[in-house]
Structures are given as structure tokens and as C-alpha cells.
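protein-v5.tsv (TSV, C-alpha atoms) appears below.
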chain	number	residue	atom	x	y	z
A	1	MET	CA	13.00	-38.22	91.81
A	2	GLN	CA	10.60	-39.19	89.00
A	3	ASN	CA	12.36	-42.53	88.54
A	4	HIS	CA	11.42	-43.66	92.05
A	5	ASP	CA	8.43	-45.96	92.54
A	6	SER	CA	5.54	-43.64	93.46
A	7	THR	CA	2.80	-46.30	93.62
A	8	HIS	CA	2.42	-45.98	97.39
A	9	LEU	CA	1.94	-42.21	97.07
A	10	HIS	CA	-1.23	-42.72	94.98
A	11	ALA	CA	-2.72	-45.33	97.32
A	12	HIS	CA	-6.09	-44.72	99.02
A	13	LEU	CA	-6.19	-45.92	102.62
A	14	ASP	CA	-9.21	-46.61	104.84
A	15	GLY	CA	-11.34	-43.48	105.06
A	16	ASP	CA	-10.02	-42.03	101.80
A	17	ALA	CA	-11.99	-41.66	98.58
A	18	GLN	CA	-13.31	-44.92	97.14
A	19	HIS	CA	-12.68	-44.25	93.45
A	20	ALA	CA	-9.41	-44.88	91.62
A	21	HIS	CA	-7.60	-42.42	89.33
A	22	PHE	CA	-7.93	-44.77	86.37
A	23	ASN	CA	-10.66	-46.77	84.58
A	24	GLU	CA	-9.08	-50.20	84.55
A	25	HIS	CA	-12.31	-52.16	84.14
A	26	ARG	CA	-13.99	-50.08	81.41
A	27	SER	CA	-14.44	-52.22	78.30
A	28	GLN	CA	-13.41	-50.98	74.87
A	29	ALA	CA	-15.45	-53.66	73.06
A	30	ALA	CA	-18.31	-51.30	72.12
A	31	LEU	CA	-15.99	-48.66	70.66
A	32	ALA	CA	-13.87	-51.25	68.82
A	33	ALA	CA	-16.94	-52.86	67.22
A	34	ALA	CA	-18.38	-49.47	66.25
A	35	LEU	CA	-15.05	-48.44	64.72
A	36	ALA	CA	-14.82	-51.59	62.60
A	37	LEU	CA	-18.37	-51.19	61.26
A	38	THR	CA	-18.04	-47.47	60.57
A	39	LEU	CA	-14.64	-47.64	58.89
A	40	GLY	CA	-15.69	-50.55	56.71
A	41	PHE	CA	-18.80	-48.86	55.36
A	42	ALA	CA	-17.11	-45.44	55.08
A	43	VAL	CA	-14.97	-46.74	52.20
A	44	VAL	CA	-18.04	-48.02	50.36
A	45	GLU	CA	-20.02	-44.82	50.85
A	46	VAL	CA	-17.21	-42.48	49.81
A	47	VAL	CA	-16.85	-44.27	46.48
A	48	ALA	CA	-20.61	-44.49	45.90
A	49	GLY	CA	-21.13	-40.84	46.86
A	50	PHE	CA	-18.78	-39.53	44.20
A	51	MET	CA	-20.07	-41.99	41.59
A	52	ALA	CA	-23.66	-40.83	42.22
A	53	ASN	CA	-22.62	-37.15	42.43
A	54	SER	CA	-24.89	-36.71	45.47
A	55	LEU	CA	-24.02	-34.06	48.05
A	56	ALA	CA	-26.34	-35.74	50.55
A	57	LEU	CA	-24.49	-39.01	50.06
A	58	ILE	CA	-21.07	-37.37	49.98
A	59	SER	CA	-21.85	-35.48	53.20
A	60	ASP	CA	-22.99	-38.73	54.76
A	61	ALA	CA	-19.76	-40.35	53.58
A	62	GLY	CA	-17.82	-37.48	55.10
A	63	HIS	CA	-19.66	-38.08	58.36
A	64	MET	CA	-18.73	-41.74	58.26
A	65	VAL	CA	-15.05	-40.97	57.72
A	66	THR	CA	-15.12	-38.42	60.54
A	67	ASP	CA	-17.01	-40.90	62.70
A	68	ALA	CA	-14.27	-43.46	62.16
A	69	ALA	CA	-11.64	-40.94	63.22
A	70	ALA	CA	-13.76	-39.90	66.21
A	71	LEU	CA	-14.29	-43.49	67.29
A	72	GLY	CA	-10.57	-44.21	66.91
A	73	LEU	CA	-9.74	-41.17	69.03
A	74	ALA	CA	-12.34	-42.18	71.62
A	75	LEU	CA	-10.90	-45.70	71.76
A	76	LEU	CA	-7.38	-44.34	72.17
A	77	ALA	CA	-8.55	-41.99	74.95
A	78	GLN	CA	-10.16	-44.85	76.87
A	79	LEU	CA	-6.99	-46.90	76.58
A	80	ILE	CA	-4.98	-43.94	77.89
A	81	ALA	CA	-7.47	-43.45	80.74
A	82	LYS	CA	-6.76	-47.01	81.90
A	83	ARG	CA	-3.18	-46.09	82.75
A	84	ARG	CA	-2.42	-45.76	86.41
A	85	PRO	CA	-1.22	-42.46	87.94
A	86	SER	CA	2.50	-41.81	87.66
A	87	ALA	CA	5.10	-39.59	89.28
A	88	ARG	CA	4.51	-37.07	86.48
A	89	TYR	CA	0.69	-37.36	86.24
A	90	SER	CA	-0.46	-37.87	89.80
A	91	PHE	CA	-4.17	-37.50	88.96
A	92	GLY	CA	-3.99	-40.22	86.32
A	93	PHE	CA	-5.22	-39.92	82.73
A	94	GLY	CA	-9.02	-39.85	83.12
A	95	ARG	CA	-9.21	-36.34	81.68
A	96	ALA	CA	-8.02	-37.73	78.33
A	97	GLU	CA	-11.63	-38.74	77.63
A	98	ALA	CA	-12.86	-35.17	77.98
A	99	LEU	CA	-10.02	-33.96	75.75
A	100	ALA	CA	-10.95	-36.48	73.06
A	101	ALA	CA	-14.61	-35.42	73.28
A	102	PHE	CA	-13.60	-31.78	72.81
A	103	VAL	CA	-11.42	-32.58	69.78
A	104	ASN	CA	-14.24	-34.66	68.27
A	105	GLY	CA	-16.62	-31.73	68.72
A	106	LEU	CA	-14.22	-29.38	66.93
A	107	ALA	CA	-13.88	-31.88	64.08
A	108	MET	CA	-17.66	-31.98	63.67
A	109	LEU	CA	-17.74	-28.18	63.36
A	110	VAL	CA	-15.35	-28.46	60.42
A	111	VAL	CA	-17.52	-31.12	58.76
A	112	VAL	CA	-20.67	-29.03	59.22
A	113	GLY	CA	-18.94	-26.00	57.72
A	114	TRP	CA	-17.87	-27.98	54.67
A	115	ILE	CA	-21.38	-29.37	54.10
A	116	VAL	CA	-22.95	-25.91	54.33
A	117	PHE	CA	-20.41	-24.51	51.87
A	118	GLU	CA	-21.05	-27.31	49.35
A	119	ALA	CA	-24.81	-26.97	49.72
A	120	MET	CA	-24.70	-23.25	48.96
A	121	GLN	CA	-22.61	-23.98	45.87
A	122	ARG	CA	-25.19	-26.44	44.62
A	123	PHE	CA	-28.05	-24.03	45.16
A	124	ALA	CA	-26.29	-21.69	42.75
A	125	SER	CA	-25.34	-24.45	40.28
A	126	PRO	CA	-27.53	-27.59	40.62
A	127	GLU	CA	-25.87	-30.82	39.52
A	128	PRO	CA	-27.46	-34.10	38.35
A	129	VAL	CA	-27.70	-36.83	40.99
A	130	GLN	CA	-28.14	-40.60	40.52
A	131	GLY	CA	-31.14	-41.12	42.76
A	132	GLY	CA	-31.14	-44.92	42.57
A	133	THR	CA	-27.56	-45.28	43.76
A	134	VAL	CA	-28.19	-42.78	46.53
A	135	LEU	CA	-31.28	-44.69	47.68
A	136	VAL	CA	-29.57	-48.08	47.88
A	137	VAL	CA	-26.33	-46.91	49.55
A	138	ALA	CA	-28.17	-44.64	52.00
A	139	GLY	CA	-30.42	-47.53	53.01
A	140	ILE	CA	-27.42	-49.71	53.79
A	141	GLY	CA	-25.76	-46.80	55.61
A	142	LEU	CA	-28.84	-46.28	57.75
A	143	ALA	CA	-28.76	-49.92	58.87
A	144	VAL	CA	-25.04	-49.70	59.69
A	145	ASN	CA	-25.49	-46.49	61.65
A	146	LEU	CA	-28.40	-47.91	63.64
A	147	LEU	CA	-26.24	-50.88	64.61
A	148	VAL	CA	-23.30	-48.65	65.59
A	149	ALA	CA	-25.54	-46.28	67.58
A	150	TRP	CA	-27.08	-49.21	69.47
A	151	THR	CA	-23.61	-50.57	70.24
A	152	LEU	CA	-22.37	-47.25	71.63
A	153	SER	CA	-25.55	-46.50	73.57
A	154	ARG	CA	-24.80	-49.40	75.92
A	155	ASP	CA	-21.90	-47.44	77.45
A	156	LYS	CA	-23.71	-44.78	79.48
A	157	GLU	CA	-20.79	-43.79	81.75
A	158	SER	CA	-18.23	-42.29	79.40
A	159	MET	CA	-18.46	-38.67	78.22
A	160	ASN	CA	-16.05	-39.67	75.49
A	161	THR	CA	-18.34	-42.42	74.20
A	162	ARG	CA	-21.32	-40.06	74.30
A	163	ALA	CA	-19.35	-37.60	72.17
A	164	ALA	CA	-18.60	-40.36	69.67
A	165	LEU	CA	-22.30	-41.28	69.72
A	166	VAL	CA	-23.15	-37.71	68.68
A	167	HIS	CA	-21.02	-38.26	65.57
A	168	VAL	CA	-22.84	-41.48	64.80
A	169	LEU	CA	-26.30	-39.99	65.39
A	170	GLY	CA	-25.35	-37.14	63.08
A	171	ASP	CA	-24.36	-39.66	60.44
A	172	LEU	CA	-27.61	-41.55	61.03
A	173	LEU	CA	-29.49	-38.35	60.25
A	174	GLY	CA	-27.31	-37.95	57.17
A	175	SER	CA	-28.30	-41.43	56.00
A	176	VAL	CA	-31.99	-40.62	56.48
A	177	ALA	CA	-31.56	-37.37	54.55
A	178	ALA	CA	-29.72	-39.16	51.74
A	179	LEU	CA	-32.43	-41.83	51.67
A	180	ILE	CA	-35.16	-39.20	51.31
A	181	ALA	CA	-33.14	-37.28	48.74
A	182	GLY	CA	-32.66	-40.39	46.62
A	183	GLY	CA	-36.36	-41.21	46.74
A	184	VAL	CA	-37.47	-37.67	45.83
A	185	ILE	CA	-34.97	-37.44	42.97
A	186	MET	CA	-36.10	-40.79	41.54
A	187	ALA	CA	-39.78	-39.84	41.84
A	188	THR	CA	-39.69	-36.19	40.72
A	189	GLY	CA	-36.22	-35.37	39.38
A	190	TRP	CA	-36.02	-32.36	41.74
A	191	MET	CA	-32.28	-31.99	42.40
A	192	GLN	CA	-32.59	-29.17	44.94
A	193	ILE	CA	-33.77	-31.62	47.60
A	194	ASP	CA	-30.17	-32.86	47.87
A	195	PRO	CA	-28.58	-29.64	49.26
A	196	ILE	CA	-31.74	-28.71	51.20
A	197	LEU	CA	-31.67	-31.90	53.26
A	198	SER	CA	-27.91	-31.60	53.69
A	199	LEU	CA	-28.38	-28.16	55.29
A	200	LEU	CA	-31.15	-29.46	57.56
A	201	VAL	CA	-28.98	-32.32	58.80
A	202	SER	CA	-26.08	-29.92	59.37
A	203	LEU	CA	-28.20	-27.74	61.65
A	204	LEU	CA	-29.30	-30.75	63.70
A	205	ILE	CA	-25.73	-31.99	64.00
A	206	LEU	CA	-24.55	-28.51	65.00
A	207	LYS	CA	-26.91	-28.44	67.99
A	208	SER	CA	-25.62	-31.77	69.32
A	209	THR	CA	-22.01	-30.79	68.66
A	210	ILE	CA	-22.33	-27.57	70.64
A	211	GLY	CA	-23.67	-29.61	73.57
A	212	VAL	CA	-20.64	-31.92	73.49
A	213	LEU	CA	-18.24	-28.99	73.24
A	214	ARG	CA	-19.91	-27.23	76.16
A	215	GLU	CA	-19.77	-30.31	78.39
A	216	SER	CA	-16.17	-31.24	77.58
A	217	PHE	CA	-14.95	-27.62	77.82
A	218	HIS	CA	-16.61	-27.27	81.22
A	219	HIS	CA	-14.82	-30.39	82.41
A	220	LEU	CA	-11.43	-29.35	80.99
A	221	MET	CA	-11.78	-25.96	82.69
A	222	GLU	CA	-12.41	-27.74	86.00
A	223	GLY	CA	-15.92	-26.35	86.32
A	224	VAL	CA	-18.22	-27.27	89.18
A	225	PRO	CA	-19.94	-30.59	88.27
A	226	ASP	CA	-23.48	-30.46	86.93
A	227	ASN	CA	-26.20	-30.89	89.56
A	228	THR	CA	-23.75	-29.64	92.21
A	229	ASP	CA	-24.60	-26.44	94.10
A	230	TYR	CA	-21.29	-24.77	94.97
A	231	ALA	CA	-22.86	-22.16	97.25
A	232	GLN	CA	-24.91	-24.79	99.09
A	233	ILE	CA	-21.81	-26.90	99.69
A	234	GLY	CA	-20.13	-23.89	101.29
A	235	ALA	CA	-23.19	-23.21	103.43
A	236	ASP	CA	-23.44	-26.86	104.51
A	237	LEU	CA	-19.75	-26.90	105.47
A	238	ALA	CA	-20.20	-23.78	107.59
A	239	GLU	CA	-23.09	-25.45	109.43
A	240	VAL	CA	-21.03	-28.46	110.53
A	241	GLN	CA	-20.48	-28.45	114.29
A	242	GLY	CA	-17.06	-26.97	115.11
A	243	VAL	CA	-16.63	-25.09	111.80
A	244	LEU	CA	-16.57	-21.28	112.03
A	245	SER	CA	-16.05	-20.33	108.40
A	246	VAL	CA	-15.10	-21.67	104.96
A	247	HIS	CA	-12.80	-20.13	102.36
A	248	ASP	CA	-10.62	-21.05	99.35
A	249	LEU	CA	-13.21	-23.67	98.41
A	250	HIS	CA	-12.93	-25.48	95.06
A	251	VAL	CA	-15.14	-28.22	93.62
A	252	TRP	CA	-14.44	-29.95	90.30
A	253	GLU	CA	-14.26	-33.33	88.58
A	254	MET	CA	-10.89	-35.02	88.20
A	255	SER	CA	-12.45	-37.28	85.57
A	256	PRO	CA	-16.10	-37.64	84.49
A	257	GLY	CA	-18.23	-38.78	87.43
A	258	GLN	CA	-15.47	-38.34	90.02
A	259	PRO	CA	-16.05	-35.04	91.92
A	260	ALA	CA	-13.38	-33.68	94.24
A	261	LEU	CA	-13.22	-30.87	96.81
A	262	ILE	CA	-10.47	-28.86	98.44
A	263	GLY	CA	-10.80	-25.97	100.86
A	264	HIS	CA	-9.84	-24.29	104.11
A	265	LEU	CA	-11.97	-24.52	107.24
A	266	GLU	CA	-11.60	-22.20	110.21
A	267	VAL	CA	-12.39	-24.26	113.30
A	268	ALA	CA	-13.04	-23.30	116.91
A	269	ASP	CA	-10.69	-25.91	118.39
A	270	LEU	CA	-7.91	-27.59	116.41
A	271	HIS	CA	-7.82	-30.39	118.96
A	272	GLN	CA	-11.31	-31.37	117.77
A	273	TRP	CA	-10.24	-31.51	114.11
A	274	PRO	CA	-10.43	-35.32	113.69
A	275	ALA	CA	-14.04	-35.35	114.91
A	276	ILE	CA	-14.92	-32.28	112.80
A	277	LEU	CA	-13.34	-33.82	109.71
A	278	ALA	CA	-15.33	-37.03	110.22
A	279	ARG	CA	-18.57	-35.02	110.35
A	280	VAL	CA	-17.57	-33.05	107.25
A	281	LYS	CA	-16.78	-36.21	105.28
A	282	THR	CA	-20.10	-37.79	106.21
A	283	MET	CA	-22.04	-34.66	105.23
A	284	LEU	CA	-20.29	-34.23	101.86
A	285	ARG	CA	-20.69	-37.89	100.95
A	286	THR	CA	-24.37	-38.19	101.90
A	287	ARG	CA	-25.64	-34.77	100.76
A	288	HIS	CA	-23.44	-34.03	97.76
A	289	GLY	CA	-21.91	-37.35	96.68
A	290	ILE	CA	-18.34	-36.11	97.15
A	291	ASP	CA	-15.82	-38.41	98.80
A	292	HIS	CA	-12.49	-37.16	97.38
A	293	ILE	CA	-11.85	-34.42	99.94
A	294	THR	CA	-8.76	-32.41	100.92
A	295	LEU	CA	-9.35	-29.87	103.69
A	296	GLN	CA	-7.00	-27.70	105.71
A	297	ALA	CA	-7.95	-26.76	109.24
A	298	GLU	CA	-7.04	-23.28	110.48
A	299	PRO	CA	-7.30	-21.70	113.94
A	300	ALA	CA	-9.94	-19.13	114.72
A	301	THR	CA	-7.37	-16.32	114.82
A	302	HIS	CA	-7.46	-15.98	111.01
A	303	SER	CA	-9.34	-12.93	109.76
A	304	ARG	CA	-12.63	-13.76	108.09
A	305	PRO	CA	-13.51	-12.50	104.61
A	306	SER	CA	-15.99	-9.66	104.52
Mind converting the file's structure to C-alpha cells?
Amino acid sequence: MQNHDSTHLHAHLDGDAQHAHFNEHRSQAALAAALALTLGFAVVEVVAGFMANSLALISDAGHMVTDAAALGLALLAQLIAKRRPSARYSFGFGRAEALAAFVNGLAMLVVVGWIVFEAMQRFASPEPVQGGTVLVVAGIGLAVNLLVAWTLSRDKESMNTRAALVHVLGDLLGSVAALIAGGVIMATGWMQIDPILSLLVSLLILKSTIGVLRESFHHLMEGVPDNTDYAQIGADLAEVQGVLSVHDLHVWEMSPGQPALIGHLEVADLHQWPAILARVKTMLRTRHGIDHITLQAEPATHSRPS
């Protein structure tokens, strides 16, 4: 059965939802450019970080390497999301972006943990740091990260791109911290500034990472979309002329920005169902922005929930 052409089964006819189950027109240019810039400078910063023996610079280099992996994963997810629905994946592959965002968030937790561990080690045993090298490389890194962040910020639709942007913003903070650390070390010779700023950056990154994890987890668990009032939707459905009650109602997002609804409506007269359904569709689209709707009409003989 799966070898048969199922294209017609995924088709949306007149009156159906307007969105597709794939993102065919989403450009990957921003992610590809950001990946090239990040990966190129990551190699430079990794080498310089170990040569200068700077934890701030090494942590920033670690961010850059992780950013490159995150951007590569985000790019791959967007390419997957462009695939059309199939006989095996009838909803398409849009959820791949949320999955990539979740994996990127988990990767950032690992990076933050490593930075904190290294910082605590250096508090106990301070090590000499080449402030001049740190200052120069961090300055270049800051410019690269600003360019990458600006490139990614132009794509405001994709959760996946926003998750990758969190990586880059975290690395931008790392570059600022490394820049300050290099300047302080050159001016005063105080080595403790290196792990102190690394810890501060880690805390800031952790806050953003938790936000990405929360958003992507909510989407993967098919949670009710943000700014959508589940109880109000149920109440509005029950108020539609001809509807007696609502049950087995579910609202979720099939892919970011594409809400869907399924449910059962008990109606007074099944013969009036086409007219009732038309009123329901209009209400859900205008009041709640939901146009992907699957509803089952049931006769009034069904027992109502208490």
C-alpha cells in the first residue's frame, strides 16, 4: 500500500486549510551563510584559545564549534521540512525543525556544564593567560558573531532558526567576555577575571537555552499553541448556532505557526451539519486563526459529560 502514489490524499481542496504540510519556499541562504562564517572562524579561535591558555577564549571557541554544529543541524532540519508528505509521514516533516531546536538546546546545556566545570577548576588553580592574544582574537570573533546574528535575525518565522540564533547570541556574549578578560589581564594582570566572566556568560546562555528547550518541548508534545485559549475555543464552539455540546477537543501545531483542531460536536440536527460546519469554520478562522479543522458531528442522543 505504501508504494502507491498518495499525492492526491494530501491535497487540500476548496474550503480546506490554506497552509501546506511542507515549507517549500523557505530559503536556507541565511543559515548557510551563518554556517560558513561560524565554521571558518571556529578553527581560528580554537587554535588561538589553546595557544593563549584563556578559558574565556576557549569557552568562546567551544561555543563557535557548537554553533557550527547547531547551524548545520538547523540547515538540515529546514531541508527535511521542505519534503512533501508521504504515505508514511502524512503530516509532512515540519516538526523536524522543532526536533532540531530541542537537540540544539540540549547541546548548549552540555557546553554550559563544561564551561562551569573548567571555571571552577581555574578558581582553585589560576593559570597564566596571554591577554594580548585574547584581546585580538575576541575582537575578531565579536565582529564575526555580530554578522552571523544579523544574518539569522532576518528569518523571523522559523523556531529552528531562532534556536540557532540563541547559540550565536551566546557566543557573541562569550566574545564580549573574552574581550573584557583580555583587556583586564593586559592592564592589571588579574587572571581571575577569565573564569569569572566565563561563569557570567554561562548563566546568561543558560537562561536563553531553557527558553528554547521549553518552546521546542511544548511543540513536540503537541501542546496548545501560545496565545491560544483552549477553554475559550471550546466555549466559542458551544455557542455556534446548532451546536449542543463539544467534547474530545484537541488543539495543537502540526508545525510552527500552523495550528490544527480536531473534536466532536453534538448537534441538534444532523441534516443541518453543512451549515453548522460552515459557521464553525468561519468562527475558528476569524477569532482564533485556526483553519486546519477536523470535526465529527454526532446526534443529540449521545450522553453529555458531567
| query | Which residues, written as number ranges by chain, have at least one atom at most 12 Å from Ala124 in chain A, with all atoms listed in the file counted and residues fewer than 4 positions away on the same chain left out? | reply | A: 117-120, 191-192, 195
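Straight-line separation from CA of Leu76 in chain A to CA of Leu165 in chain A: 15.4 Å.
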CA of Leu265 in chain A sits from CA of Tyr230 in chain A at a separation of 15.4 Å
### Spatial neighbours of Ala149 in chain A, max dist 7 Å, all atoms listed in the file, sep filter under 4 positions, as a list in words
Asn145, Ser153, Leu165, Val168 and Leu169 of chain A
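With all atoms listed in the file as the basis for measurement, A:Ala34 is the residue among A:Ile293, A:Thr228, A:Gly183, A:Ala34 that approaches Leu146 in chain A most closely.
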Residues of range 159-231 of chain A within 6 Å of range 249-255 of chain A: nearest atom pair and distance (Å, one decimal) for each, counting all atoms listed in the file, sorted by chain and number, as a Markdown table?
| residue | atom | partner | partner_atom | distance |
| --- | --- | --- | --- | --- |
| A:Glu222 | CA | A:Trp252 | CA | 5.2 |
| A:Gly223 | CA | A:Trp252 | CA | 5.6 |
| A:Val224 | CA | A:Trp252 | CA | 4.8 |
| A:Pro225 | CA | A:Trp252 | CA | 5.9 |
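Picture a line from CA of Thr282 in chain A to CA of Ala300 in chain A; it runs 22.9 Å.
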request  = Could you tell me which of A:Leu147, A:Ala177, A:Val243, A:Ala52 comes closest to Asp194 in chain A if we count all atoms listed in the file?
outcome  =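 Between A:Leu147, A:Ala177, A:Val243, A:Ala52, the residue approaching Asp194 in chain A most closely is A:Ala177.
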If you count only C-alpha atoms, the residue of A:Leu213, A:Val267, A:Ala48, A:Leu152 closest to Gly132 in chain A turns out to be A:Ala48
